[in-house]
Structures are given as structure tokens and as C-alpha cells.
Amino acid sequence: MRECFIAPSILSADFGYLMDELKAVEGEAEYIHIDVMDGHYVDNLSFGIPIVQSLRKHTDKILDVHLMITNPEKFIKPFVDAGSDIITFHLECTDDPVELSELIRSYGIKSGIAVHPDTPIELILPFVDKTDKILLMTVRPGFGGQGYMEISDDRIKAVRKAIDDKACKTLISCDGGINKTTAKRVYGAGCDILVAGDAVFRNDDHAAAVMELYNIAVG
Ligand code: DX5
Ligand code: ZN
């Protein structure tokens with residue numbers, strides 16, 4: 001059986017108690033998903049480098065930083081220094097995804113390439129073996145709590161096939177609208193890392209929510 005990971009997205013956490021929120025899911029989650037938004041690439045602002053720095057001091061979980069920002073190349077080094085384990089940039093925000101992926105890897109961490117749902121899926125396929133993770137947006141980037149886009153199943157399958165054809169170890173992550181209703185189809189279509197914001201942090205028992213999503217996904 002393919003591995004399956006649930007990655008809680010702290011965008012939906014209560015920021016007034018951020019470390020408590022993270023501690024609540026640490027026992028059940030390997031990856032912590034951290035959404036950075038700049039108000040340019042997406043119509044929203046979230047948080048940046050200091051949050052990664054602060055979380056790094058208190059956890060050894062994999063900090064997976066999702067940059068929804070223009071000019072991501074300017075911010076790679078600061079996010080590396082802050083303690084990121086994976087930095088994911090958007091395909092739409094760079095002219096040279098291979099060079100940017102190599103820059104990230106040159107710091108000894110992993111790279112990811114994210115794809116907007118409006119971007120034809122064919123555009124990411126040449127790069128599946130040039131990065132450690134493909135992040136498929138399954139909602140429009142910018143906000144938590146949206147509904148899963150139905151077109152995503154076929155997009156996940158296309159990326160899964162490209163990875164399997166090239167026999168590379170690149171992981172597929174899916175981001176947006178993943179909950180008890182959609183987790184199984186997303187994993188079934190070929191996703192490895194299921195990002196979940198509201199489904200984890202809007203549930204009073206965050207740890208139980210992570211476990212439940214995992215069980216539904218692989219069940
Ligand atoms: C949206 C973010 C997501 C968000 C997902 O732009 O990239 O990571 O936290 O939230 P849910 O799981 O609530 O759709
Ligand atoms: Zn995200």
C-alpha cells in the first residue's frame with residue numbers, strides 16, 4: 001500500500017494559541033503545512049518568516065512551507081534560514097522552475113512545485129522528476145474552507161501516471177477542500193500527502209480529526 005500522510009494546515013488554526021494548536025496534532029502528523037500569502041499572487045495575506053522561525057524552535061515535525069507569492073526566488077534563503085524543511089513555490093510564479101527547485105535543494109532541503117487549478121495539468125508534467133513534491137491545488141489558492149474542485153481527480157491521476165512512468169519518488173500533495181467526504185477519492189486518485197485545514201482545526205479534537213481523515217483515506 002502507498003503511504004498516506006495527513007498534513008494539517010495551520011491557516012485554519014487559532015493563531016492566538018498557535019503552538020498549542022500545533023502540539024495538538026504533532027502526535028498524528030509528520031508534515032505541518034504552512035501557507036504564506038502575499039496579497040499579490042493571491043487575494044489574501046497570511047504570515048511569513050517569523051512564524052516559521054518561531055514554530056521551528058518548538059517542533060521537529062516537517063515544516064512544509066507553501067509560498068503563494070510572486071518572486072519566490074527572493075525569499076528562498078530567508079525561509080531556509082527560518083528552518084523550513086520543504087519550500088513549495090507556484091509554477092505560475094517563476095520562469096524557471098528547475099532552477100528554483102535546484103536553488104532550494106542547494107540548501108539541503110526539499111523543493112515542491114505547486115499548480116493552480118486553472119493551469120493546464122500538462123504544464124507540470126515535464127517537471128515531475130525535477131522536484132521532491134508536486135502540490136496540486138484542489139481549490140483556488142488564497143482561502144481555507146472552500147469546496148474540493150471536482151476536476152481535481154483527473155489532474156491527480158495525470159500527475160500520478162507521469163511520476164510512475166518516470167519511476168521517480170516525487171510525492172503528490174493535494175491542497176484544499178480535503179475532508180471526510182473527499183479524502184478517500186483524493187488518496188485513491190494517487191495523492192500521498194493530504195493537506196487539511198478546516199477539517200482538522202475546526203474540529204474540537206484536532207488529533208482525532210487527523211486520525212479519522214487518515215483512516216477514511218486508506219480505508
Ligand atoms: C489555500 C491553502 C490551503 C488551506 C486549505 O490557499 O493553500 O492550504 O489551508 O484549507 P482547507 O483544508 O480548509 O480547504
Ligand atoms: Zn496550502
# chains A, B, ... in the order shown; residues from 1 in each chain; ligands from 1
call {"tool": "residues_around", "arguments": {"residues": "Leu11 in chain A", "least_positions_apart": "5", "cutoff": "12 Å", "atoms": "only C-alpha atoms", "output": "PyMOL selection string"}}
result
chain A and resi 18+21-22+32-37+44-48+51+65-66+141-145+175-176+195-202
call {"tool": "write_last_selection", "arguments": {"atoms": "N, CA, C and O atoms", "output": "short mmCIF file (atom, residue, chain, number, x, y, z; two decimals), in the first residue's frame"}}
result
data_model
loop_
_atom_site.label_atom_id
_atom_site.label_comp_id
_atom_site.auth_asym_id
_atom_site.auth_seq_id
_atom_site.Cartn_x
_atom_site.Cartn_y
_atom_site.Cartn_z
N LEU A 18 -1.20 29.36 18.73
CA LEU A 18 -0.63 28.61 17.61
C LEU A 18 0.18 27.39 18.03
O LEU A 18 0.03 26.30 17.48
N GLU A 21 -1.98 24.65 19.25
CA GLU A 21 -2.67 24.02 18.12
C GLU A 21 -1.73 23.01 17.44
O GLU A 21 -2.14 21.90 17.11
N LEU A 22 -0.48 23.41 17.28
CA LEU A 22 0.48 22.51 16.63
C LEU A 22 0.75 21.29 17.52
O LEU A 22 0.78 20.15 17.03
N ILE A 32 3.67 19.51 8.69
CA ILE A 32 2.86 20.67 9.05
C ILE A 32 2.87 21.63 7.86
O ILE A 32 3.95 22.05 7.41
N HIS A 33 1.70 21.95 7.36
CA HIS A 33 1.59 22.77 6.14
C HIS A 33 1.42 24.24 6.54
O HIS A 33 0.56 24.59 7.35
N ILE A 34 2.28 25.08 5.96
CA ILE A 34 2.35 26.49 6.37
C ILE A 34 2.12 27.38 5.14
O ILE A 34 2.98 27.44 4.24
N ASP A 35 0.99 28.06 5.09
CA ASP A 35 0.61 28.86 3.92
C ASP A 35 1.09 30.30 4.04
O ASP A 35 0.63 31.04 4.91
N VAL A 36 1.95 30.69 3.12
CA VAL A 36 2.44 32.08 3.10
C VAL A 36 1.79 32.80 1.91
O VAL A 36 1.93 32.36 0.77
N MET A 37 1.08 33.88 2.19
CA MET A 37 0.35 34.61 1.13
C MET A 37 0.76 36.07 1.14
O MET A 37 0.93 36.67 2.20
N ASN A 44 -5.12 37.52 -0.59
CA ASN A 44 -5.18 37.38 0.87
C ASN A 44 -3.77 37.53 1.43
O ASN A 44 -2.78 37.34 0.71
N LEU A 45 -3.70 37.85 2.69
CA LEU A 45 -2.44 37.92 3.41
C LEU A 45 -2.50 36.90 4.53
O LEU A 45 -3.55 36.70 5.14
N SER A 46 -1.36 36.27 4.82
CA SER A 46 -1.39 35.37 5.99
C SER A 46 -0.24 35.74 6.92
O SER A 46 -0.37 36.64 7.75
N PHE A 47 0.89 35.07 6.77
CA PHE A 47 2.03 35.31 7.68
C PHE A 47 3.29 34.94 6.93
O PHE A 47 3.23 34.46 5.80
N GLY A 48 4.44 35.17 7.57
CA GLY A 48 5.69 34.94 6.85
C GLY A 48 6.79 34.33 7.69
O GLY A 48 6.55 33.45 8.54
N ILE A 51 6.93 33.45 11.66
CA ILE A 51 6.09 32.33 12.14
C ILE A 51 6.85 31.00 11.97
O ILE A 51 6.85 30.15 12.86
N VAL A 65 6.53 24.55 3.74
CA VAL A 65 6.12 25.95 3.53
C VAL A 65 5.61 26.14 2.11
O VAL A 65 6.34 25.93 1.13
N HIS A 66 4.35 26.53 1.99
CA HIS A 66 3.68 26.72 0.69
C HIS A 66 3.66 28.22 0.39
O HIS A 66 2.88 28.96 0.97
N PRO A 141 -6.28 28.97 -4.80
CA PRO A 141 -5.44 29.35 -3.66
C PRO A 141 -5.85 30.69 -3.06
O PRO A 141 -6.30 31.58 -3.77
N GLY A 142 -5.70 30.79 -1.76
CA GLY A 142 -5.96 32.06 -1.08
C GLY A 142 -6.77 31.93 0.20
O GLY A 142 -6.59 32.74 1.11
N PHE A 143 -7.63 30.94 0.28
CA PHE A 143 -8.51 30.85 1.45
C PHE A 143 -8.74 29.40 1.85
O PHE A 143 -8.83 28.52 0.98
N GLY A 144 -8.86 29.19 3.14
CA GLY A 144 -9.24 27.88 3.63
C GLY A 144 -10.76 27.72 3.54
O GLY A 144 -11.48 28.68 3.23
N GLY A 145 -11.23 26.53 3.80
CA GLY A 145 -12.66 26.30 3.93
C GLY A 145 -13.45 26.30 2.64
O GLY A 145 -14.68 26.42 2.66
N ASP A 175 -4.18 20.06 -1.95
CA ASP A 175 -4.39 21.14 -1.00
C ASP A 175 -5.70 21.86 -1.29
O ASP A 175 -5.83 22.54 -2.31
N GLY A 176 -6.66 21.69 -0.38
CA GLY A 176 -7.90 22.43 -0.47
C GLY A 176 -9.12 21.53 -0.52
O GLY A 176 -9.21 20.64 -1.36
N VAL A 195 -3.38 17.65 2.48
CA VAL A 195 -3.37 18.86 3.32
C VAL A 195 -4.80 19.10 3.81
O VAL A 195 -5.75 19.00 3.03
N ALA A 196 -4.94 19.41 5.09
CA ALA A 196 -6.29 19.68 5.60
C ALA A 196 -6.25 20.80 6.63
O ALA A 196 -5.52 20.72 7.63
N GLY A 197 -7.00 21.83 6.39
CA GLY A 197 -7.08 22.98 7.29
C GLY A 197 -8.32 22.91 8.16
O GLY A 197 -8.26 22.45 9.32
N ASP A 198 -9.45 23.32 7.61
CA ASP A 198 -10.68 23.34 8.39
C ASP A 198 -11.03 21.96 8.95
O ASP A 198 -11.51 21.85 10.08
N ALA A 199 -10.81 20.91 8.16
CA ALA A 199 -11.21 19.57 8.60
C ALA A 199 -10.47 19.14 9.86
O ALA A 199 -10.95 18.30 10.62
N VAL A 200 -9.30 19.74 10.11
CA VAL A 200 -8.54 19.41 11.33
C VAL A 200 -8.81 20.44 12.42
O VAL A 200 -9.21 20.10 13.54
N PHE A 201 -8.61 21.72 12.09
CA PHE A 201 -8.60 22.73 13.16
C PHE A 201 -9.98 23.26 13.51
O PHE A 201 -10.15 23.93 14.53
N ARG A 202 -10.98 22.99 12.68
CA ARG A 202 -12.35 23.38 13.06
C ARG A 202 -13.07 22.21 13.74
O ARG A 202 -14.28 22.27 13.96
#
call {"tool": "residues_around", "arguments": {"residues": "Met149 in chain A", "least_positions_apart": "6", "cutoff": "8 Å", "atoms": "only C-alpha atoms", "output": "number ranges by chain"}}
result
A: 138-139, 177
call {"tool": "closest_residue", "arguments": {"among": "A:Ser12, A:Thr119, A:Asn71, A:Thr181", "to": "ligand 1", "atoms": "only C-alpha atoms and all ligand atoms"}}
result
A:Ser12
call {"tool": "closest_residue", "arguments": {"among": "A:Lys157, A:Lys57, A:Arg2, A:Lys77", "to": "Gly108 in chain A", "atoms": "only C-alpha atoms"}}
result
A:Lys77
call {"tool": "closest_residue", "arguments": {"among": "A:Leu55, A:Glu3, A:Ala183, A:Lys161", "to": "ligand 1", "atoms": "only C-alpha atoms and all ligand atoms"}}
result
A:Ala183
call {"tool": "atom_distance", "arguments": {"atom1": "CA of Ala114 in chain A", "atom2": "CA of Gly16 in chain A"}}
result
28.4 Å
call {"tool": "atom_distance", "arguments": {"atom1": "CA of Asp20 in chain A", "atom2": "CA of Asn179 in chain A"}}
result
22.0 Å
call {"tool": "closest_residue", "arguments": {"among": "A:Lys180, A:Arg140, A:His40, A:His206", "to": "ligand 1", "atoms": "only C-alpha atoms and all ligand atoms"}}
result
A:Arg140
call {"tool": "select_by_dssp", "arguments": {"residues": "chain A", "states": "alpha helix (DSSP H)", "output": "PyMOL selection string"}}
result
chain A and resi 18-26+49-58+76-82+97-106+152-166+183-189+198-201+206-218
call {"tool": "closest_residue", "arguments": {"among": "A:Leu125, A:Ala189, A:Ile69, A:Leu135", "to": "Ile156 in chain A", "atoms": "only C-alpha atoms"}}
result
A:Ala189
call {"tool": "closest_residue", "arguments": {"among": "A:Cys93, A:Ile113, A:Val210, A:Leu67", "to": "ligand 1", "atoms": "only C-alpha atoms and all ligand atoms"}}
result
A:Leu67
call {"tool": "select_by_dssp", "arguments": {"residues": "chain A", "states": "strand (DSSP E)", "output": "PyMOL selection string"}}
result
chain A and resi 5-8+31-37+62-68+86-90+110-115+133-137+171-175+193-196
call {"tool": "write_last_selection", "arguments": {"atoms": "C-alpha atoms", "output": "compact mmCIF listing (two decimals), in the first residue's frame"}}
result
# COMPACT_ATOMS: atom_id res chain seq x y z
CA PHE A 5 0.09 11.41 5.19
CA ILE A 6 -2.34 13.98 6.54
CA ALA A 7 -0.72 17.42 6.72
CA PRO A 8 -2.59 19.85 8.99
CA TYR A 31 4.04 17.22 7.96
CA ILE A 32 2.86 20.67 9.05
CA HIS A 33 1.59 22.77 6.14
CA ILE A 34 2.35 26.49 6.37
CA ASP A 35 0.61 28.86 3.92
CA VAL A 36 2.44 32.08 3.10
CA MET A 37 0.35 34.61 1.13
CA ILE A 62 8.48 18.53 8.78
CA LEU A 63 7.70 22.20 8.16
CA ASP A 64 6.29 22.32 4.64
CA VAL A 65 6.12 25.95 3.53
CA HIS A 66 3.68 26.72 0.69
CA LEU A 67 4.66 30.05 -0.87
CA MET A 68 1.68 31.71 -2.56
CA ILE A 86 10.33 21.85 2.29
CA ILE A 87 9.72 25.01 0.29
CA THR A 88 6.99 24.88 -2.33
CA PHE A 89 6.62 27.65 -4.91
CA HIS A 90 3.97 28.11 -7.61
CA LYS A 110 13.40 19.64 -0.32
CA SER A 111 11.56 21.51 -3.04
CA GLY A 112 7.96 21.44 -4.16
CA ILE A 113 6.15 22.89 -7.16
CA ALA A 114 2.51 23.95 -6.73
CA VAL A 115 -0.02 24.17 -9.54
CA LYS A 133 6.87 17.17 -4.37
CA ILE A 134 4.10 18.33 -6.69
CA LEU A 135 1.41 20.26 -4.82
CA LEU A 136 -1.88 20.22 -6.68
CA MET A 137 -4.25 22.93 -5.59
CA LEU A 171 5.38 12.89 -3.76
CA ILE A 172 1.98 14.30 -4.69
CA SER A 173 0.31 16.63 -2.24
CA CYS A 174 -3.24 17.95 -2.62
CA ASP A 175 -4.39 21.14 -1.00
CA ILE A 193 0.06 13.98 1.29
CA LEU A 194 -3.43 15.28 2.03
CA VAL A 195 -3.37 18.86 3.32
CA ALA A 196 -6.29 19.68 5.60
call {"tool": "residues_around", "arguments": {"residues": "Ile109 in chain A", "least_positions_apart": "4", "cutoff": "9 Å", "atoms": "only C-alpha atoms", "output": "MDAnalysis selection string"}}
result
chainID A and resid 80 84:87 104:105
